[in-house]
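The structure file final-v9.pdb is reproduced below (PDB, C-alpha atoms).
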MODEL        1
ATOM      1  CA  MET D   1      -9.641  24.019  -0.403
ATOM      2  CA  ASP D   2     -12.510  21.898   0.961
ATOM      3  CA  LYS D   3     -12.100  19.499  -1.956
ATOM      4  CA  GLU D   4      -8.387  19.112  -1.195
ATOM      5  CA  LEU D   5      -9.061  18.459   2.493
ATOM      6  CA  GLN D   6     -11.692  15.873   1.573
ATOM      7  CA  ILE D   7      -9.155  14.053  -0.636
ATOM      8  CA  ILE D   8      -6.612  14.006   2.183
ATOM      9  CA  ARG D   9      -9.130  12.800   4.768
ATOM     10  CA  GLN D  10     -10.131   9.919   2.485
ATOM     11  CA  ALA D  11      -6.472   9.124   1.784
ATOM     12  CA  LEU D  12      -5.800   8.987   5.532
ATOM     13  CA  LEU D  13      -8.712   6.587   6.005
ATOM     14  CA  ASN D  14      -7.499   4.405   3.129
ATOM     15  CA  GLU D  15      -4.014   4.241   4.619
ATOM     16  CA  GLU D  16      -5.422   3.429   8.085
ATOM     17  CA  GLU D  17      -7.388   0.563   6.539
ATOM     18  CA  ALA D  18      -4.209  -0.755   4.916
ATOM     19  CA  VAL D  19      -2.339  -0.519   8.232
ATOM     20  CA  SER D  20      -5.127  -2.441   9.954
ATOM     21  CA  PHE D  21      -5.191  -5.139   7.284
ATOM     22  CA  TYR D  22      -1.410  -5.634   7.187
ATOM     23  CA  THR D  23      -1.300  -5.650  11.000
ATOM     24  CA  LEU D  24      -3.958  -8.364  11.005
ATOM     25  CA  ALA D  25      -1.976 -10.316   8.402
ATOM     26  CA  ALA D  26       1.147  -9.989  10.581
ATOM     27  CA  ASP D  27      -0.783 -11.176  13.641
ATOM     28  CA  ARG D  28      -2.016 -14.239  11.726
ATOM     29  CA  ALA D  29       1.355 -15.059  10.173
ATOM     30  CA  LEU D  30       2.812 -18.384  11.207
ATOM     31  CA  SER D  31       6.434 -17.537  10.484
ATOM     32  CA  ALA D  32       8.668 -14.773  11.777
ATOM     33  CA  GLU D  33       9.588 -13.902   8.170
ATOM     34  CA  ALA D  34       5.939 -13.387   7.230
ATOM     35  CA  ARG D  35       5.301 -11.292  10.321
ATOM     36  CA  GLU D  36       8.339  -9.106   9.608
ATOM     37  CA  ALA D  37       7.353  -8.581   5.957
ATOM     38  CA  PHE D  38       3.812  -7.523   6.832
ATOM     39  CA  LEU D  39       5.072  -5.281   9.634
ATOM     40  CA  ALA D  40       7.434  -3.649   7.117
ATOM     41  CA  LEU D  41       4.365  -2.876   4.997
ATOM     42  CA  VAL D  42       2.660  -1.457   8.088
ATOM     43  CA  ALA D  43       5.655   0.831   8.611
ATOM     44  CA  GLU D  44       5.559   2.021   4.991
ATOM     45  CA  GLU D  45       1.828   2.721   5.128
ATOM     46  CA  GLN D  46       2.348   4.538   8.434
ATOM     47  CA  LYS D  47       4.878   6.796   6.702
ATOM     48  CA  HIS D  48       2.179   7.623   4.170
ATOM     49  CA  ILE D  49      -0.170   8.530   7.024
ATOM     50  CA  ASP D  50       2.494  10.790   8.512
ATOM     51  CA  TRP D  51       3.088  12.522   5.155
ATOM     52  CA  LEU D  52      -0.617  13.000   4.510
ATOM     53  CA  GLY D  53      -1.080  14.292   8.054
ATOM     54  CA  GLU D  54       1.652  16.843   7.463
ATOM     55  CA  LEU D  55      -0.045  17.949   4.250
ATOM     56  CA  TYR D  56      -3.388  18.198   6.055
ATOM     57  CA  ARG D  57      -1.899  20.271   8.877
ATOM     58  CA  SER D  58      -0.131  22.491   6.350
ATOM     59  CA  LEU D  59      -3.363  23.170   4.496
ATOM     60  CA  THR D  60      -5.444  23.800   7.606
ATOM     61  CA  ALA D  61      -2.756  26.150   8.923
ATOM     62  CA  GLY D  62      -2.921  28.098   5.676
ATOM     63  CA  SER D  63       0.638  27.347   4.603
ATOM     64  CA  SER D  64      -0.095  25.125   1.609
ATOM     65  CA  PRO D  65       2.139  27.042  -0.824
ATOM     66  CA  ASP D  66       5.113  26.024   1.334
ATOM     67  CA  PHE D  67       4.269  22.315   1.291
ATOM     68  CA  THR D  68       6.686  20.271  -0.777
ATOM     69  CA  ALA D  69       6.705  16.548  -1.444
ATOM     70  CA  THR D  70      10.360  16.532  -2.477
ATOM     71  CA  LYS D  71      11.494  15.848   1.082
ATOM     72  CA  TYR D  72       9.731  12.490   0.988
ATOM     73  CA  PRO D  73      11.789   9.674  -0.503
ATOM     74  CA  GLU D  74      10.920   7.886  -3.694
ATOM     75  CA  PRO D  75      10.260   4.159  -3.323
ATOM     76  CA  GLN D  76      13.430   2.166  -3.749
ATOM     77  CA  PRO D  77      12.849  -0.604  -6.287
ATOM     78  CA  PRO D  78      12.561  -3.443  -5.920
ATOM     79  CA  VAL D  79      10.650  -3.962  -2.688
ATOM     80  CA  GLN D  80      12.765  -6.312  -0.610
ATOM     81  CA  TYR D  81      10.318  -8.917   0.646
ATOM     82  CA  ASN D  82      11.346 -12.538   0.470
ATOM     83  CA  TRP D  83       7.892 -13.899  -0.246
ATOM     84  CA  GLU D  84       9.449 -17.245  -1.194
ATOM     85  CA  THR D  85       9.968 -18.033   2.479
ATOM     86  CA  ILE D  86       6.778 -16.612   3.896
ATOM     87  CA  GLY D  87       3.766 -17.121   1.701
ATOM     88  CA  ARG D  88       3.476 -20.890   1.655
ATOM     89  CA  GLU D  89       2.436 -21.353   5.234
ATOM     90  CA  SER D  90      -1.311 -21.802   5.105
ATOM     91  CA  GLY D  91      -2.584 -22.322   1.577
ATOM     92  CA  SER D  92      -5.866 -20.567   1.015
ATOM     93  CA  LEU D  93      -5.241 -18.032   3.802
ATOM     94  CA  ALA D  94      -2.034 -16.889   2.106
ATOM     95  CA  VAL D  95      -3.798 -16.673  -1.272
ATOM     96  CA  SER D  96      -6.575 -14.647   0.347
ATOM     97  CA  VAL D  97      -4.195 -12.279   2.126
ATOM     98  CA  PHE D  98      -2.298 -11.513  -1.067
ATOM     99  CA  GLY D  99      -5.515 -11.257  -3.100
ATOM    100  CA  ILE D 100      -6.965  -8.709  -0.678
ATOM    101  CA  GLY D 101      -3.622  -6.901  -0.580
ATOM    102  CA  ILE D 102      -3.684  -6.624  -4.374
ATOM    103  CA  ASN D 103      -7.154  -5.098  -4.265
ATOM    104  CA  LEU D 104      -6.089  -2.632  -1.566
ATOM    105  CA  GLU D 105      -3.053  -1.573  -3.569
ATOM    106  CA  LYS D 106      -5.011  -1.223  -6.832
ATOM    107  CA  ALA D 107      -7.594   0.922  -5.064
ATOM    108  CA  ALA D 108      -4.819   3.066  -3.552
ATOM    109  CA  ILE D 109      -3.156   3.555  -6.946
ATOM    110  CA  ASP D 110      -6.466   4.538  -8.526
ATOM    111  CA  PHE D 111      -7.240   6.892  -5.646
ATOM    112  CA  TYR D 112      -3.877   8.661  -5.700
ATOM    113  CA  THR D 113      -3.851   8.902  -9.494
ATOM    114  CA  ALA D 114      -7.280  10.554  -9.433
ATOM    115  CA  ALA D 115      -6.278  12.769  -6.502
ATOM    116  CA  ALA D 116      -3.205  13.984  -8.407
ATOM    117  CA  ARG D 117      -5.381  14.874 -11.399
ATOM    118  CA  GLN D 118      -7.891  16.715  -9.202
ATOM    119  CA  SER D 119      -5.434  18.586  -6.998
ATOM    120  CA  GLU D 120      -4.741  22.215  -7.746
ATOM    121  CA  LEU D 121      -1.781  22.352  -5.359
ATOM    122  CA  ALA D 122       1.596  21.430  -6.828
ATOM    123  CA  GLY D 123       2.936  20.010  -3.559
ATOM    124  CA  ALA D 124      -0.155  17.877  -2.952
ATOM    125  CA  LYS D 125      -0.143  16.663  -6.562
ATOM    126  CA  ALA D 126       3.515  15.638  -6.241
ATOM    127  CA  LEU D 127       2.824  13.778  -2.997
ATOM    128  CA  TYR D 128      -0.140  11.905  -4.500
ATOM    129  CA  GLU D 129       1.958  10.912  -7.516
ATOM    130  CA  LYS D 130       4.718   9.687  -5.215
ATOM    131  CA  LEU D 131       2.243   7.710  -3.112
ATOM    132  CA  ALA D 132       0.842   6.104  -6.268
ATOM    133  CA  ARG D 133       4.379   4.947  -7.156
ATOM    134  CA  TRP D 134       4.849   3.469  -3.663
ATOM    135  CA  GLU D 135       1.545   1.620  -3.873
ATOM    136  CA  ASN D 136       2.363   0.393  -7.377
ATOM    137  CA  GLN D 137       5.568  -1.108  -6.064
ATOM    138  CA  HIS D 138       3.584  -2.960  -3.379
ATOM    139  CA  LEU D 139       1.130  -4.133  -6.040
ATOM    140  CA  GLU D 140       3.868  -5.559  -8.254
ATOM    141  CA  ALA D 141       5.383  -7.532  -5.368
ATOM    142  CA  PHE D 142       1.979  -8.795  -4.250
ATOM    143  CA  GLN D 143       0.906  -9.767  -7.758
ATOM    144  CA  GLN D 144       4.023 -11.867  -8.329
ATOM    145  CA  GLU D 145       3.577 -13.734  -5.067
ATOM    146  CA  TYR D 146      -0.185 -14.084  -5.537
ATOM    147  CA  ASP D 147       0.387 -15.684  -8.949
ATOM    148  CA  ARG D 148       2.817 -18.211  -7.430
ATOM    149  CA  LEU D 149       0.515 -18.949  -4.479
ATOM    150  CA  ARG D 150      -2.546 -19.281  -6.719
ATOM    151  CA  ASP D 151      -0.780 -21.770  -8.986
ATOM    152  CA  GLN D 152       0.428 -23.751  -5.975
ATOM    153  CA  TRP D 153      -3.045 -23.745  -4.452
ATOM    154  CA  TRP D 154      -4.630 -24.885  -7.724
ATOM    155  CA  GLU D 155      -2.151 -27.748  -7.883
ATOM    156  CA  GLU D 156      -2.789 -28.784  -4.279
ATOM    157  CA  GLN D 157      -6.552 -28.755  -4.923
ATOM    158  CA  GLY D 158      -6.211 -30.735  -8.151
ATOM    159  CA  PHE D 159      -7.265 -27.755 -10.283
ATOM    160  CA  SER D 160      -4.033 -27.239 -12.172
ATOM    161  CA  PRO D 161      -4.319 -27.334 -15.956
ATOM    162  CA  ALA D 162      -3.438 -30.663 -17.522
TER     163      ALA D 162
ENDMDL
END

structure tokens encoding of this file:
Amino acid sequence: MDKELQIIRQALLNEEEAVSFYTLAADRALSAEAREAFLALVAEEQKHIDWLGELYRSLTAGSSPDFTATKYPEPQPPVQYNWETIGRESGSLAVSVFGIGINLEKAAIDFYTAAARQSELAGAKALYEKLARWENQHLEAFQQEYDRLRDQWWEEQGFSPA
């Protein structure tokens, strides 16, 4: 049980870091659309914190066999962020924000995938697998926008391929 609690504590910290980063990105956003998109990510990551907190409380209260991840919704593809209108506002800052976001999401996917493999509790395993799917959806959206921003930045800097 200690191993399971350690996984959840680390997952909570990871999610808090993501909330902090996306909040910072929202605070630095120049457009209302950008701010709203990053705040939507904050809200999704906060849901993950709430779910993990419920799992943690369930385990520490000794009721882990009753914990079920089925009450938590699956991510609804595709993520509805209109990056076309928000990412172009400040060149290298936007590229950096999306690049860091990609790394955060990849780390989260790796973490939850490993946690699901290590977990001996069916409910916890199901939650970790669900969280990995959520984070993968974020990653796909970020990667697409990062690729567009990177190409635009290269062109603006005169680095685009001839």

Here's the selection I'm unsure about, the PyMOL selection byres ((chain D and resi 15) around 12); applied to the file above, which residues does it give, as an MDAnalysis selection string?
chainID D and resid 8:14 16:22 41:53 104:105 107:109 111:112 131 135

Interatomic distance between CA of Ala116 (chain D) and CA of Ala141 (chain D)?
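Distance reported for this atom pair: 23.4 Å.
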
So which residues get picked by the PyMOL selection byres ((chain D and resi 93-102) around 10) here, written as a ChimeraX atom specification?
/D:18,21-22,24-25,28-29,86-92,103-108,135-136,138-153

I need the chosen residues saved as a PDB file, keeping the file's coordinate frame, with C-alpha atoms.
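So the final result, stored in selection02.pdb, reads:
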ATOM      1  CA  ALA D  18      -4.209  -0.755   4.916  1.00  0.00           C
ATOM      2  CA  PHE D  21      -5.191  -5.139   7.284  1.00  0.00           C
ATOM      3  CA  TYR D  22      -1.410  -5.634   7.187  1.00  0.00           C
ATOM      4  CA  LEU D  24      -3.958  -8.364  11.005  1.00  0.00           C
ATOM      5  CA  ALA D  25      -1.976 -10.316   8.402  1.00  0.00           C
ATOM      6  CA  ARG D  28      -2.016 -14.239  11.726  1.00  0.00           C
ATOM      7  CA  ALA D  29       1.355 -15.059  10.173  1.00  0.00           C
ATOM      8  CA  ILE D  86       6.778 -16.612   3.896  1.00  0.00           C
ATOM      9  CA  GLY D  87       3.766 -17.121   1.701  1.00  0.00           C
ATOM     10  CA  ARG D  88       3.476 -20.890   1.655  1.00  0.00           C
ATOM     11  CA  GLU D  89       2.436 -21.353   5.234  1.00  0.00           C
ATOM     12  CA  SER D  90      -1.311 -21.802   5.105  1.00  0.00           C
ATOM     13  CA  GLY D  91      -2.584 -22.322   1.577  1.00  0.00           C
ATOM     14  CA  SER D  92      -5.866 -20.567   1.015  1.00  0.00           C
ATOM     15  CA  ASN D 103      -7.154  -5.098  -4.265  1.00  0.00           C
ATOM     16  CA  LEU D 104      -6.089  -2.632  -1.566  1.00  0.00           C
ATOM     17  CA  GLU D 105      -3.053  -1.573  -3.569  1.00  0.00           C
ATOM     18  CA  LYS D 106      -5.011  -1.223  -6.832  1.00  0.00           C
ATOM     19  CA  ALA D 107      -7.594   0.922  -5.064  1.00  0.00           C
ATOM     20  CA  ALA D 108      -4.819   3.066  -3.552  1.00  0.00           C
ATOM     21  CA  GLU D 135       1.545   1.620  -3.873  1.00  0.00           C
ATOM     22  CA  ASN D 136       2.363   0.393  -7.377  1.00  0.00           C
ATOM     23  CA  HIS D 138       3.584  -2.960  -3.379  1.00  0.00           C
ATOM     24  CA  LEU D 139       1.130  -4.133  -6.040  1.00  0.00           C
ATOM     25  CA  GLU D 140       3.868  -5.559  -8.254  1.00  0.00           C
ATOM     26  CA  ALA D 141       5.383  -7.532  -5.368  1.00  0.00           C
ATOM     27  CA  PHE D 142       1.979  -8.795  -4.250  1.00  0.00           C
ATOM     28  CA  GLN D 143       0.906  -9.767  -7.758  1.00  0.00           C
ATOM     29  CA  GLN D 144       4.023 -11.867  -8.329  1.00  0.00           C
ATOM     30  CA  GLU D 145       3.577 -13.734  -5.067  1.00  0.00           C
ATOM     31  CA  TYR D 146      -0.185 -14.084  -5.537  1.00  0.00           C
ATOM     32  CA  ASP D 147       0.387 -15.684  -8.949  1.00  0.00           C
ATOM     33  CA  ARG D 148       2.817 -18.211  -7.430  1.00  0.00           C
ATOM     34  CA  LEU D 149       0.515 -18.949  -4.479  1.00  0.00           C
ATOM     35  CA  ARG D 150      -2.546 -19.281  -6.719  1.00  0.00           C
ATOM     36  CA  ASP D 151      -0.780 -21.770  -8.986  1.00  0.00           C
ATOM     37  CA  GLN D 152       0.428 -23.751  -5.975  1.00  0.00           C
ATOM     38  CA  TRP D 153      -3.045 -23.745  -4.452  1.00  0.00           C
TER      39      TRP D 153
END

Just the number, please: distance in Å from CA of Leu127 (chain D) to CA of Ala114 (chain D), one decimal.
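Going from CA of Leu127 (chain D) over to CA of Ala114 (chain D), I get 12.4 Å.
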
Interatomic distance, CA of Leu121 (chain D) to CA of Trp134 (chain D) (Å, one decimal):
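It comes out at 20.1 Å.
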
Written as a count of residues only, what is the full residue list that the PyMOL selection byres ((chain D and resi 118) around 12) yields on the file shown?
23
